[in-house]
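Novice: See start.pdb below, with PDB, C-alpha atoms and all ligand atoms.
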```
ATOM      1  CA  MET A1131     146.750  79.191   2.920  1.00  0.00           C
ATOM      2  CA  SER A1132     147.331  81.448   5.919  1.00  0.00           C
ATOM      3  CA  GLU A1133     144.667  84.002   6.643  1.00  0.00           C
ATOM      4  CA  THR A1134     145.252  87.396   5.140  1.00  0.00           C
ATOM      5  CA  ALA A1135     145.842  90.554   7.145  1.00  0.00           C
ATOM      6  CA  THR A1136     142.409  91.755   6.106  1.00  0.00           C
ATOM      7  CA  GLU A1137     140.786  88.591   7.369  1.00  0.00           C
ATOM      8  CA  ARG A1138     142.614  88.970  10.694  1.00  0.00           C
ATOM      9  CA  LEU A1139     141.410  92.543  10.921  1.00  0.00           C
ATOM     10  CA  ARG A1140     137.879  91.517  10.062  1.00  0.00           C
ATOM     11  CA  GLN A1141     137.872  89.117  13.007  1.00  0.00           C
ATOM     12  CA  VAL A1142     139.040  91.903  15.318  1.00  0.00           C
ATOM     13  CA  PHE A1143     136.368  94.138  13.810  1.00  0.00           C
ATOM     14  CA  GLU A1144     133.586  91.598  14.461  1.00  0.00           C
ATOM     15  CA  VAL A1145     134.549  91.323  18.127  1.00  0.00           C
ATOM     16  CA  ASP A1146     134.874  95.099  18.422  1.00  0.00           C
ATOM     17  CA  LYS A1147     131.381  95.457  17.012  1.00  0.00           C
ATOM     18  CA  GLN A1148     129.992  93.055  19.598  1.00  0.00           C
ATOM     19  CA  LEU A1149     131.849  94.897  22.337  1.00  0.00           C
ATOM     20  CA  ARG A1150     130.439  98.191  21.177  1.00  0.00           C
ATOM     21  CA  GLY A1151     126.908  96.813  21.060  1.00  0.00           C
ATOM     22  CA  LEU A1152     127.280  95.388  24.542  1.00  0.00           C
ATOM     23  CA  ARG A1153     128.660  98.607  25.964  1.00  0.00           C
ATOM     24  CA  SER A1154     126.057 100.737  24.227  1.00  0.00           C
ATOM     25  CA  ARG A1155     123.313  99.189  26.366  1.00  0.00           C
ATOM     26  CA  LEU A1156     125.285 100.035  29.486  1.00  0.00           C
ATOM     27  CA  ASN A1157     126.036 103.514  28.129  1.00  0.00           C
ATOM     28  CA  GLN A1158     122.355 104.040  27.500  1.00  0.00           C
ATOM     29  CA  ALA A1159     121.521 103.104  31.084  1.00  0.00           C
ATOM     30  CA  GLU A1160     124.280 105.402  32.313  1.00  0.00           C
ATOM     31  CA  ARG A1161     123.067 108.308  30.215  1.00  0.00           C
ATOM     32  CA  PHE A1162     119.538 107.792  31.522  1.00  0.00           C
ATOM     33  CA  LEU A1163     120.788 107.761  35.111  1.00  0.00           C
ATOM     34  CA  GLY A1164     122.879 110.870  34.448  1.00  0.00           C
ATOM     35  CA  ALA A1165     119.886 112.759  33.048  1.00  0.00           C
ATOM     36  CA  GLN A1166     117.683 111.774  35.985  1.00  0.00           C
ATOM     37  CA  SER A1167     120.324 112.751  38.552  1.00  0.00           C
ATOM     38  CA  GLN A1168     120.828 116.086  36.849  1.00  0.00           C
ATOM     39  CA  GLN A1169     117.130 116.876  36.954  1.00  0.00           C
ATOM     40  CA  LEU A1170     116.951 115.824  40.586  1.00  0.00           C
ATOM     41  CA  ALA A1171     119.882 118.092  41.415  1.00  0.00           C
ATOM     42  CA  SER A1172     118.275 121.043  39.666  1.00  0.00           C
ATOM     43  CA  LEU A1173     114.953 120.483  41.458  1.00  0.00           C
ATOM     44  CA  THR A1174     116.732 120.209  44.796  1.00  0.00           C
ATOM     45  CA  GLN A1175     118.534 123.455  44.080  1.00  0.00           C
ATOM     46  CA  LYS A1176     115.234 125.171  43.287  1.00  0.00           C
ATOM     47  CA  LYS A1177     113.730 123.865  46.502  1.00  0.00           C
ATOM     48  CA  GLU A1178     116.679 125.092  48.544  1.00  0.00           C
ATOM     49  CA  ALA A1179     116.309 128.558  47.028  1.00  0.00           C
ATOM     50  CA  ALA A1180     112.560 128.528  47.750  1.00  0.00           C
ATOM     51  CA  ASP A1181     113.243 127.429  51.348  1.00  0.00           C
ATOM     52  CA  ARG A1182     115.641 130.338  51.787  1.00  0.00           C
ATOM     53  CA  GLN A1183     113.098 132.736  50.327  1.00  0.00           C
ATOM     54  CA  LEU A1184     110.408 131.353  52.617  1.00  0.00           C
ATOM     55  CA  ARG A1185     112.561 131.946  55.695  1.00  0.00           C
ATOM     56  CA  GLN A1186     113.196 135.540  54.573  1.00  0.00           C
ATOM     57  CA  LEU A1187     109.500 136.189  53.969  1.00  0.00           C
ATOM     58  CA  GLN A1188     108.575 134.673  57.315  1.00  0.00           C
ATOM     59  CA  ALA A1189     111.118 136.913  59.046  1.00  0.00           C
ATOM     60  CA  LYS A1190     109.710 139.995  57.265  1.00  0.00           C
ATOM     61  CA  ALA A1191     106.116 139.049  58.063  1.00  0.00           C
ATOM     62  CA  GLY A1192     107.155 138.535  61.703  1.00  0.00           C
ATOM     63  CA  GLU A1193     108.837 141.933  61.800  1.00  0.00           C
ATOM     64  CA  HIS A1194     105.735 143.702  60.514  1.00  0.00           C
ATOM     65  CA  GLU A1195     103.411 141.737  62.768  1.00  0.00           C
ATOM     66  CA  GLY A1196     105.587 142.627  65.742  1.00  0.00           C
ATOM     67  CA  GLU A1197     105.586 146.245  64.692  1.00  0.00           C
ATOM     68  CA  ALA A1198     101.783 146.238  64.394  1.00  0.00           C
ATOM     69  CA  ALA A1199     101.424 144.699  67.883  1.00  0.00           C
ATOM     70  CA  ARG A1200     103.840 147.218  69.348  1.00  0.00           C
ATOM     71  CA  LEU A1201     101.909 150.098  67.773  1.00  0.00           C
ATOM     72  CA  GLU A1202      98.581 148.724  68.931  1.00  0.00           C
ATOM     73  CA  GLU A1203      99.835 148.612  72.482  1.00  0.00           C
ATOM     74  CA  LYS A1204     101.010 152.174  72.123  1.00  0.00           C
ATOM     75  CA  VAL A1205      97.593 153.223  70.820  1.00  0.00           C
ATOM     76  CA  ASN A1206      95.877 151.513  73.770  1.00  0.00           C
ATOM     77  CA  THR A1207      98.135 153.239  76.269  1.00  0.00           C
ATOM     78  CA  LEU A1208      97.522 156.598  74.598  1.00  0.00           C
ATOM     79  CA  ARG A1209      93.770 156.024  74.647  1.00  0.00           C
ATOM     80  CA  GLU A1210      93.919 155.401  78.387  1.00  0.00           C
ATOM     81  CA  GLN A1211      95.918 158.588  78.844  1.00  0.00           C
ATOM     82  CA  MET A1212      93.526 160.411  76.529  1.00  0.00           C
ATOM     83  CA  ASN A1213      90.610 159.443  78.780  1.00  0.00           C
ATOM     84  CA  LEU A1214      92.412 161.047  81.674  1.00  0.00           C
ATOM     85  CA  ALA A1215      93.041 164.279  79.774  1.00  0.00           C
ATOM     86  CA  LYS A1216      92.182 167.357  81.743  1.00  0.00           C
ATOM     87  CA  THR A1217      91.721 169.834  78.932  1.00  0.00           C
ATOM     88  CA  ALA A1218      90.271 169.764  75.446  1.00  0.00           C
ATOM     89  CA  ARG A1219      93.634 170.811  74.098  1.00  0.00           C
ATOM     90  CA  GLU A1220      95.377 167.934  75.848  1.00  0.00           C
ATOM     91  CA  TYR A1221      92.697 165.561  74.571  1.00  0.00           C
ATOM     92  CA  LYS A1222      93.158 166.766  71.004  1.00  0.00           C
ATOM     93  CA  ALA A1223      96.899 166.364  71.215  1.00  0.00           C
ATOM     94  CA  PHE A1224      96.462 162.757  72.369  1.00  0.00           C
ATOM     95  CA  LEU A1225      93.944 162.137  69.614  1.00  0.00           C
ATOM     96  CA  THR A1226      96.326 163.325  66.927  1.00  0.00           C
ATOM     97  CA  GLU A1227      99.029 161.063  68.322  1.00  0.00           C
ATOM     98  CA  VAL A1228      96.640 158.123  68.503  1.00  0.00           C
ATOM     99  CA  ASN A1229      95.611 158.625  64.879  1.00  0.00           C
ATOM    100  CA  THR A1230      99.214 158.787  63.720  1.00  0.00           C
ATOM    101  CA  PHE A1231     100.103 155.551  65.516  1.00  0.00           C
ATOM    102  CA  LYS A1232      96.913 153.905  64.255  1.00  0.00           C
ATOM    103  CA  ALA A1233      97.779 154.751  60.671  1.00  0.00           C
ATOM    104  CA  ASP A1234     101.268 153.326  61.160  1.00  0.00           C
ATOM    105  CA  LYS A1235      99.818 150.218  62.729  1.00  0.00           C
ATOM    106  CA  ASP A1236      97.448 149.721  59.764  1.00  0.00           C
ATOM    107  CA  LYS A1237     100.358 150.079  57.395  1.00  0.00           C
ATOM    108  CA  ALA A1238     102.386 147.492  59.312  1.00  0.00           C
ATOM    109  CA  GLU A1239      99.414 145.138  59.336  1.00  0.00           C
ATOM    110  CA  SER A1240      98.796 145.383  55.625  1.00  0.00           C
ATOM    111  CA  SER A1241     102.531 144.846  54.948  1.00  0.00           C
ATOM    112  CA  ALA A1242     102.446 141.758  57.135  1.00  0.00           C
ATOM    113  CA  LEU A1243      99.396 140.551  55.219  1.00  0.00           C
ATOM    114  CA  GLU A1244     101.158 141.010  51.894  1.00  0.00           C
ATOM    115  CA  TYR A1245     104.070 138.930  53.129  1.00  0.00           C
ATOM    116  CA  LEU A1246     101.690 136.271  54.418  1.00  0.00           C
ATOM    117  CA  GLN A1247     100.092 136.060  50.975  1.00  0.00           C
ATOM    118  CA  GLN A1248     103.512 135.657  49.366  1.00  0.00           C
ATOM    119  CA  ILE A1249     104.298 132.969  51.924  1.00  0.00           C
ATOM    120  CA  ASP A1250     101.122 131.086  50.997  1.00  0.00           C
ATOM    121  CA  GLU A1251     102.013 131.197  47.300  1.00  0.00           C
ATOM    122  CA  LEU A1252     105.556 130.083  47.979  1.00  0.00           C
ATOM    123  CA  LYS A1253     104.347 127.217  50.132  1.00  0.00           C
ATOM    124  CA  GLY A1254     102.247 126.051  47.194  1.00  0.00           C
ATOM    125  CA  GLU A1255     105.309 126.144  44.952  1.00  0.00           C
ATOM    126  CA  LEU A1256     107.330 124.284  47.559  1.00  0.00           C
ATOM    127  CA  ALA A1257     104.740 121.541  47.805  1.00  0.00           C
ATOM    128  CA  ALA A1258     104.840 121.107  44.009  1.00  0.00           C
ATOM    129  CA  LEU A1259     108.639 121.017  44.094  1.00  0.00           C
ATOM    130  CA  GLU A1260     108.645 118.426  46.844  1.00  0.00           C
ATOM    131  CA  GLU A1261     106.311 116.268  44.831  1.00  0.00           C
ATOM    132  CA  ALA A1262     108.514 116.601  41.750  1.00  0.00           C
ATOM    133  CA  ILE A1263     111.582 115.735  43.818  1.00  0.00           C
ATOM    134  CA  ALA A1264     109.927 112.619  45.223  1.00  0.00           C
ATOM    135  CA  GLU A1265     108.956 111.557  41.702  1.00  0.00           C
ATOM    136  CA  ARG A1266     112.429 112.200  40.312  1.00  0.00           C
ATOM    137  CA  SER A1267     114.080 110.394  43.218  1.00  0.00           C
ATOM    138  CA  LYS A1268     112.020 107.362  42.343  1.00  0.00           C
ATOM    139  CA  MET A1269     113.201 107.606  38.716  1.00  0.00           C
ATOM    140  CA  CYS A1270     116.808 107.897  39.870  1.00  0.00           C
ATOM    141  CA  HIS A1271     116.397 104.788  41.934  1.00  0.00           C
ATOM    142  CA  VAL A1272     114.973 102.901  38.960  1.00  0.00           C
ATOM    143  CA  ALA A1273     117.762 104.192  36.718  1.00  0.00           C
ATOM    144  CA  GLU A1274     120.391 103.145  39.217  1.00  0.00           C
ATOM    145  CA  GLY A1275     118.921  99.677  39.436  1.00  0.00           C
ATOM    146  CA  GLU A1276     118.878  99.423  35.668  1.00  0.00           C
ATOM    147  CA  ARG A1277     122.483 100.471  35.369  1.00  0.00           C
ATOM    148  CA  THR A1278     123.600  97.959  37.985  1.00  0.00           C
ATOM    149  CA  GLU A1279     121.574  95.269  36.255  1.00  0.00           C
ATOM    150  CA  ARG A1280     123.112  96.044  32.846  1.00  0.00           C
ATOM    151  CA  GLU A1281     126.547  96.058  34.383  1.00  0.00           C
ATOM    152  CA  GLY A1282     125.934  92.661  35.904  1.00  0.00           C
ATOM    153  CA  GLU A1283     124.477  91.297  32.682  1.00  0.00           C
ATOM    154  CA  ILE A1284     127.394  92.260  30.520  1.00  0.00           C
ATOM    155  CA  ALA A1285     130.291  91.843  32.954  1.00  0.00           C
ATOM    156  CA  GLY A1286     130.957  88.195  32.079  1.00  0.00           C
ATOM    157  CA  ARG A1287     130.416  88.562  28.351  1.00  0.00           C
ATOM    158  CA  LEU A1288     132.512  91.723  28.318  1.00  0.00           C
ATOM    159  CA  LYS A1289     135.456  89.874  29.822  1.00  0.00           C
ATOM    160  CA  GLU A1290     135.120  87.076  27.282  1.00  0.00           C
ATOM    161  CA  LEU A1291     134.962  89.454  24.372  1.00  0.00           C
ATOM    162  CA  GLU A1292     137.864  91.521  25.619  1.00  0.00           C
ATOM    163  CA  ALA A1293     139.968  88.382  25.923  1.00  0.00           C
ATOM    164  CA  ASP A1294     138.868  87.391  22.405  1.00  0.00           C
ATOM    165  CA  ARG A1295     139.771  90.763  21.049  1.00  0.00           C
ATOM    166  CA  ASP A1296     143.202  90.693  22.692  1.00  0.00           C
ATOM    167  CA  ARG A1297     143.859  87.239  21.281  1.00  0.00           C
ATOM    168  CA  LEU A1298     142.755  88.256  17.783  1.00  0.00           C
ATOM    169  CA  ARG A1299     144.743  91.453  17.856  1.00  0.00           C
ATOM    170  CA  GLY A1300     147.756  89.354  18.789  1.00  0.00           C
ATOM    171  CA  LEU A1301     147.258  87.359  15.583  1.00  0.00           C
ATOM    172  CA  ALA A1302     146.854  90.371  13.271  1.00  0.00           C
ATOM    173  CA  PRO A1303     149.887  91.966  11.604  1.00  0.00           C
ATOM    174  CA  ALA A1304     151.076  95.090  13.419  1.00  0.00           C
ATOM    175  CA  ASP A1305     150.920  97.408  10.401  1.00  0.00           C
ATOM    176  CA  ALA A1306     147.389  96.280   9.579  1.00  0.00           C
ATOM    177  CA  LEU A1307     146.379  96.972  13.176  1.00  0.00           C
ATOM    178  CA  ARG A1308     147.927 100.399  12.969  1.00  0.00           C
ATOM    179  CA  ASP A1309     145.794 101.181   9.894  1.00  0.00           C
ATOM    180  CA  TYR A1310     142.731  99.858  11.683  1.00  0.00           C
ATOM    181  CA  ASP A1311     143.325 101.867  14.865  1.00  0.00           C
ATOM    182  CA  LYS A1312     144.082 104.991  12.874  1.00  0.00           C
ATOM    183  CA  ARG A1313     140.803 104.675  11.006  1.00  0.00           C
ATOM    184  CA  ILE A1314     138.890 104.324  14.299  1.00  0.00           C
ATOM    185  CA  ALA A1315     140.713 107.291  15.812  1.00  0.00           C
ATOM    186  CA  ARG A1316     139.731 109.446  12.837  1.00  0.00           C
ATOM    187  CA  HIS A1317     136.148 108.245  12.608  1.00  0.00           C
ATOM    188  CA  PRO A1318     135.219 106.985  16.064  1.00  0.00           C
ATOM    189  CA  ASP A1319     131.506 106.817  15.309  1.00  0.00           C
ATOM    190  CA  GLU A1320     131.816 104.792  12.136  1.00  0.00           C
ATOM    191  CA  ASP A1321     132.691 101.195  11.386  1.00  0.00           C
ATOM    192  CA  PRO A1322     136.378 101.076  10.439  1.00  0.00           C
ATOM    193  CA  MET A1323     135.699  98.256   7.973  1.00  0.00           C
ATOM    194  CA  ALA A1324     133.068  97.629   5.348  1.00  0.00           C
ATOM    195  CA  PRO A1325     132.257  94.682   3.093  1.00  0.00           C
ATOM    196  CA  ILE A1326     132.620  94.845  -0.650  1.00  0.00           C
ATOM    197  CA  GLU A1327     129.215  94.444  -2.261  1.00  0.00           C
ATOM    198  CA  GLU A1328     128.671  92.806  -5.584  1.00  0.00           C
ATOM    199  CA  GLN A1329     126.416  94.679  -7.954  1.00  0.00           C
ATOM    200  CA  ASP A1330     127.049  92.825 -11.219  1.00  0.00           C
ATOM    201  CA  ARG A1331     129.630  90.055 -11.471  1.00  0.00           C
ATOM    202  CA  ARG A1332     129.592  89.812 -15.257  1.00  0.00           C
ATOM    203  CA  ARG A1333     130.300  93.522 -15.609  1.00  0.00           C
ATOM    204  CA  HIS A1334     132.713  93.555 -12.655  1.00  0.00           C
ATOM    205  CA  GLU A1335     130.670  96.070 -10.721  1.00  0.00           C
ATOM    206  CA  TYR A1336     131.477  96.185  -7.032  1.00  0.00           C
ATOM    207  CA  THR A1337     130.738  98.865  -4.482  1.00  0.00           C
ATOM    208  CA  CYS A1338     131.998  99.896  -1.047  1.00  0.00           C
ATOM    209  CA  GLY A1339     129.566  98.742   1.638  1.00  0.00           C
ATOM    210  CA  SER A1340     130.080 101.969   3.542  1.00  0.00           C
ATOM    211  CA  CYS A1341     129.875 104.787   0.993  1.00  0.00           C
ATOM    212  CA  MET A1342     128.242 102.770  -1.830  1.00  0.00           C
ATOM    213  CA  MET A1343     130.663 104.150  -4.386  1.00  0.00           C
ATOM    214  CA  GLU A1344     131.788 101.861  -7.154  1.00  0.00           C
ATOM    215  CA  LEU A1345     135.230 100.353  -6.678  1.00  0.00           C
ATOM    216  CA  PRO A1346     137.657 100.691  -9.590  1.00  0.00           C
ATOM    217  CA  VAL A1347     138.901  97.444 -11.148  1.00  0.00           C
ATOM    218  CA  GLU A1348     142.403  98.017  -9.723  1.00  0.00           C
ATOM    219  CA  ALA A1349     141.040  98.300  -6.215  1.00  0.00           C
ATOM    220  CA  MET A1350     139.138  95.057  -6.664  1.00  0.00           C
ATOM    221  CA  SER A1351     142.087  93.145  -8.022  1.00  0.00           C
ATOM    222  CA  ALA A1352     144.251  94.432  -5.174  1.00  0.00           C
ATOM    223  CA  VAL A1353     141.744  93.108  -2.691  1.00  0.00           C
ATOM    224  CA  LEU A1354     141.644  89.766  -4.444  1.00  0.00           C
ATOM    225  CA  SER A1355     145.335  89.282  -5.028  1.00  0.00           C
ATOM    226  CA  LYS A1356     147.125  90.513  -1.927  1.00  0.00           C
ATOM    227  CA  GLY A1357     146.817  89.932   1.734  1.00  0.00           C
ATOM    228  CA  THR A1358     147.512  93.578   2.502  1.00  0.00           C
ATOM    229  CA  VAL A1359     144.978  96.024   3.808  1.00  0.00           C
ATOM    230  CA  ASN A1360     142.938  97.847   1.168  1.00  0.00           C
ATOM    231  CA  PHE A1361     141.042 101.070   1.591  1.00  0.00           C
ATOM    232  CA  CYS A1362     138.016 102.351  -0.246  1.00  0.00           C
ATOM    233  CA  PRO A1363     139.389 105.053  -2.568  1.00  0.00           C
ATOM    234  CA  SER A1364     136.284 107.148  -1.912  1.00  0.00           C
ATOM    235  CA  CYS A1365     135.684 107.051   1.849  1.00  0.00           C
ATOM    236  CA  GLY A1366     138.877 105.456   3.175  1.00  0.00           C
ATOM    237  CA  VAL A1367     137.176 102.599   5.018  1.00  0.00           C
ATOM    238  CA  ILE A1368     139.087  99.312   5.177  1.00  0.00           C
ATOM    239  CA  LEU A1369     137.485  96.928   2.700  1.00  0.00           C
ATOM    240  CA  PHE A1370     136.952  93.228   3.130  1.00  0.00           C
ATOM    241  CA  LEU A1371     135.404  90.533   0.971  1.00  0.00           C
ATOM    242  CA  PRO A1372     132.528  88.700   2.598  1.00  0.00           C
ATOM    243  CA  LYS A1373     133.285  84.991   2.653  1.00  0.00           C
ATOM    244  CA  GLU A1374     130.681  83.941   0.078  1.00  0.00           C
ATOM    245  CA  LEU A1375     131.893  86.532  -2.346  1.00  0.00           C
ATOM    246  CA  ALA A1376     135.537  85.616  -1.748  1.00  0.00           C
ATOM    247  CA  ASP A1377     134.779  81.945  -2.386  1.00  0.00           C
ATOM    248  CA  ALA A1378     132.935  82.822  -5.557  1.00  0.00           C
ATOM    249  CA  LEU A1379     135.629  85.116  -6.894  1.00  0.00           C
ATOM    250  CA  ARG A1380     138.835  83.352  -5.972  1.00  0.00           C
ATOM    251  CA  PRO A1381     139.951  80.444  -8.140  1.00  0.00           C
ATOM    252  CA  ALA A1382     139.213  77.068  -6.539  1.00  0.00           C
ATOM    253  CA  ASN A1383     142.873  76.107  -6.029  1.00  0.00           C
ATOM    254  CA  SER A1384     143.604  79.083  -3.795  1.00  0.00           C
ATOM    255  CA  ARG A1385     140.655  78.596  -1.497  1.00  0.00           C
ATOM    256  CA  SER A1386     141.376  77.697   2.043  1.00  0.00           C
ATOM    257  CA  SER A1387     140.545  74.160   3.172  1.00  0.00           C
TER     258      SER A1387
HETATM  259 ZN    ZN B1401     133.723 103.746   0.637  1.00  0.00          ZN
END
```
Just dump the structure as structure tokens.
Ligand SMILES: [Zn+2]
Specialist:
Amino acid sequence: MSETATERLRQVFEVDKQLRGLRSRLNQAERFLGAQSQQLASLTQKKEAADRQLRQLQAKAGEHEGEAARLEEKVNTLREQMNLAKTAREYKAFLTEVNTFKADKDKAESSALEYLQQIDELKGELAALEEAIAERSKMCHVAEGERTEREGEIAGRLKELEADRDRLRGLAPADALRDYDKRIARHPDEDPMAPIEEQDRRRHEYTCGSCMMELPVEAMSAVLSKGTVNFCPSCGVILFLPKELADALRPANSRSS
């Protein structure tokens, strides 16, 4: 007896399952690498922003320090002139000027100090960021190595399985394959096929291995009698009979080999 369409599909399905399992390990490694790279990128971005901020703060601190130095020089010059004052009035005028410049100088100094404090804080943050970046870079390196390793591990087996799948698809009837591919397209995260499960042979109770719903007698006899593809009336999965069950249910004279 030639193998039924369902049996052909089941063989394709088994290879597809192995392929998916194989790829899922690689996918996992790729997702891990992706997550690590993303975190590294976000940390690097934060550090770049902090570096920019640091340069701005340093420029501001420099400006105020320069201003304070300039004012101090001015105060010193005025003091010298003040000492040479000829009248009390002249002296007082210098003194007022000196006090004004001194106040401005103090203001500039305290502004510079504020910026220097901010710079200290920011440098602390930068050091923490640099540490986090170094750590994350190490993780990225590990993740990259893992991905390359997985790729290497599965490359050979992947090729074998893909060749197997192509061969088996070549043996399956085109309309059955269309049903199979359609089911996968609609439910990409589910198995397109499920085994029929026997609950009670005497009472003819069989269920769909995917949705667990009981299969009507007509559905069961269709599966047993024809080679065509049969769907679970409840969930639409393509049903197949596991070999032991098929052997037990089909009359001896129609068994293969
Ligand atoms: Zn079902």
Novice: Please identify all protein, DNA and RNA residues within 12 Å of ligand ZN 1401 (chain B), counting all atoms listed in the file, and report them as a ChimeraX atom specification.
Specialist: /A:1320-1327,1336-1346,1349,1360-1370
Novice: Okay, now the selection with C-alpha atoms, as an mmCIF file, keeping the file's coordinate frame?
Specialist:
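Listed below is the output, selection-v7.cif:
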```
data_model
loop_
_atom_site.group_PDB
_atom_site.id
_atom_site.type_symbol
_atom_site.label_atom_id
_atom_site.label_comp_id
_atom_site.auth_asym_id
_atom_site.auth_seq_id
_atom_site.Cartn_x
_atom_site.Cartn_y
_atom_site.Cartn_z
ATOM 1 C CA GLU A 1320 131.816 104.792 12.136
ATOM 2 C CA ASP A 1321 132.691 101.195 11.386
ATOM 3 C CA PRO A 1322 136.378 101.076 10.439
ATOM 4 C CA MET A 1323 135.699 98.256 7.973
ATOM 5 C CA ALA A 1324 133.068 97.629 5.348
ATOM 6 C CA PRO A 1325 132.257 94.682 3.093
ATOM 7 C CA ILE A 1326 132.620 94.845 -0.650
ATOM 8 C CA GLU A 1327 129.215 94.444 -2.261
ATOM 9 C CA TYR A 1336 131.477 96.185 -7.032
ATOM 10 C CA THR A 1337 130.738 98.865 -4.482
ATOM 11 C CA CYS A 1338 131.998 99.896 -1.047
ATOM 12 C CA GLY A 1339 129.566 98.742 1.638
ATOM 13 C CA SER A 1340 130.080 101.969 3.542
ATOM 14 C CA CYS A 1341 129.875 104.787 0.993
ATOM 15 C CA MET A 1342 128.242 102.770 -1.830
ATOM 16 C CA MET A 1343 130.663 104.150 -4.386
ATOM 17 C CA GLU A 1344 131.788 101.861 -7.154
ATOM 18 C CA LEU A 1345 135.230 100.353 -6.678
ATOM 19 C CA PRO A 1346 137.657 100.691 -9.590
ATOM 20 C CA ALA A 1349 141.040 98.300 -6.215
ATOM 21 C CA ASN A 1360 142.938 97.847 1.168
ATOM 22 C CA PHE A 1361 141.042 101.070 1.591
ATOM 23 C CA CYS A 1362 138.016 102.351 -0.246
ATOM 24 C CA PRO A 1363 139.389 105.053 -2.568
ATOM 25 C CA SER A 1364 136.284 107.148 -1.912
ATOM 26 C CA CYS A 1365 135.684 107.051 1.849
ATOM 27 C CA GLY A 1366 138.877 105.456 3.175
ATOM 28 C CA VAL A 1367 137.176 102.599 5.018
ATOM 29 C CA ILE A 1368 139.087 99.312 5.177
ATOM 30 C CA LEU A 1369 137.485 96.928 2.700
ATOM 31 C CA PHE A 1370 136.952 93.228 3.130
#
```
Novice: Taking 2 positions as the minimum chain separation for residues in the same chain, which residues sit within 12 Å of Asp1311 in chain A when counting all atoms listed in the file? Answer as a VMD selection string.
Specialist: chain A and resid 1139 1142 to 1143 1146 1299 1304 to 1309 1313 to 1318 1321 to 1323 1367 to 1368
Novice: Deliver the residues from the most recent selection as a file, using C-alpha atoms, as a PDB file, in the frame of the given file.
Specialist:
```pdb
ATOM      1  CA  LEU A1139     141.410  92.543  10.921  1.00  0.00           C
ATOM      2  CA  VAL A1142     139.040  91.903  15.318  1.00  0.00           C
ATOM      3  CA  PHE A1143     136.368  94.138  13.810  1.00  0.00           C
ATOM      4  CA  ASP A1146     134.874  95.099  18.422  1.00  0.00           C
ATOM      5  CA  ARG A1299     144.743  91.453  17.856  1.00  0.00           C
ATOM      6  CA  ALA A1304     151.076  95.090  13.419  1.00  0.00           C
ATOM      7  CA  ASP A1305     150.920  97.408  10.401  1.00  0.00           C
ATOM      8  CA  ALA A1306     147.389  96.280   9.579  1.00  0.00           C
ATOM      9  CA  LEU A1307     146.379  96.972  13.176  1.00  0.00           C
ATOM     10  CA  ARG A1308     147.927 100.399  12.969  1.00  0.00           C
ATOM     11  CA  ASP A1309     145.794 101.181   9.894  1.00  0.00           C
ATOM     12  CA  ARG A1313     140.803 104.675  11.006  1.00  0.00           C
ATOM     13  CA  ILE A1314     138.890 104.324  14.299  1.00  0.00           C
ATOM     14  CA  ALA A1315     140.713 107.291  15.812  1.00  0.00           C
ATOM     15  CA  ARG A1316     139.731 109.446  12.837  1.00  0.00           C
ATOM     16  CA  HIS A1317     136.148 108.245  12.608  1.00  0.00           C
ATOM     17  CA  PRO A1318     135.219 106.985  16.064  1.00  0.00           C
ATOM     18  CA  ASP A1321     132.691 101.195  11.386  1.00  0.00           C
ATOM     19  CA  PRO A1322     136.378 101.076  10.439  1.00  0.00           C
ATOM     20  CA  MET A1323     135.699  98.256   7.973  1.00  0.00           C
ATOM     21  CA  VAL A1367     137.176 102.599   5.018  1.00  0.00           C
ATOM     22  CA  ILE A1368     139.087  99.312   5.177  1.00  0.00           C
TER      23      ILE A1368
END
```
Novice: Given the file shown, determine the residues that the PyMOL selection byres (((chain A and resi 1241) around 10) and not hetatm) selects; report them as a list in words.
Specialist: Lys1190, Ala1191, Glu1193, His1194, Glu1195, Ala1198, Lys1235, Asp1236, Lys1237, Ala1238, Glu1239, Ser1240, Ala1242, Leu1243, Glu1244, Tyr1245, Leu1246 and Gln1247 of chain A
Novice: What's the separation between CA of Leu1184 in chain A and CA of Glu1255 in chain A, in Å to one decimal place?
Specialist: 10.6 Å
Novice: To one decimal place in Å, what is the distance between CA of Gly1282 in chain A and CA of Leu1156 in chain A?
Specialist: 9.8 Å
Novice: Output the residue selection produced by the PyMOL selection byres (((chain A and resi 1178-1183) around 10) and not hetatm) on the file above, formatted as a list in words.
Specialist: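 When the PyMOL selection byres (((chain A and resi 1178-1183) around 10) and not hetatm) is applied, the selected residues are Ser1172, Leu1173, Thr1174, Gln1175, Lys1176, Lys1177, Leu1184, Arg1185, Gln1186, Leu1187, Gln1188, Ala1189, Ile1249, Leu1252, Lys1253, Glu1255, Leu1256 and Leu1259 of chain A.
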Novice: Go ahead and compute the interatomic distance for CA of Glu1335 in chain A and CA of Glu1348 in chain A, in Å to one decimal.
Specialist: 11.9 Å
Novice: Just want the 12 Å neighbourhood of Asn1206 in chain A, counted on all atoms listed in the file, with same-chain residues fewer than 6 positions away dropped. Output as a list in words.
Specialist: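 The contact residues come out as Ala1199, Arg1200, Met1212, Asn1213, Phe1224, Leu1225, Glu1227, Val1228, Asn1229, Phe1231, Lys1232 and Lys1235 of chain A.
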Novice: Take the residues from that selection and write them out as a PDB file, in the frame of the given file, keeping C-alpha atoms.
Specialist:
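Ended up saving to again.pdb:
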```pdb
ATOM      1  CA  ALA A1199     101.424 144.699  67.883  1.00  0.00           C
ATOM      2  CA  ARG A1200     103.840 147.218  69.348  1.00  0.00           C
ATOM      3  CA  MET A1212      93.526 160.411  76.529  1.00  0.00           C
ATOM      4  CA  ASN A1213      90.610 159.443  78.780  1.00  0.00           C
ATOM      5  CA  PHE A1224      96.462 162.757  72.369  1.00  0.00           C
ATOM      6  CA  LEU A1225      93.944 162.137  69.614  1.00  0.00           C
ATOM      7  CA  GLU A1227      99.029 161.063  68.322  1.00  0.00           C
ATOM      8  CA  VAL A1228      96.640 158.123  68.503  1.00  0.00           C
ATOM      9  CA  ASN A1229      95.611 158.625  64.879  1.00  0.00           C
ATOM     10  CA  PHE A1231     100.103 155.551  65.516  1.00  0.00           C
ATOM     11  CA  LYS A1232      96.913 153.905  64.255  1.00  0.00           C
ATOM     12  CA  LYS A1235      99.818 150.218  62.729  1.00  0.00           C
TER      13      LYS A1235
END
```
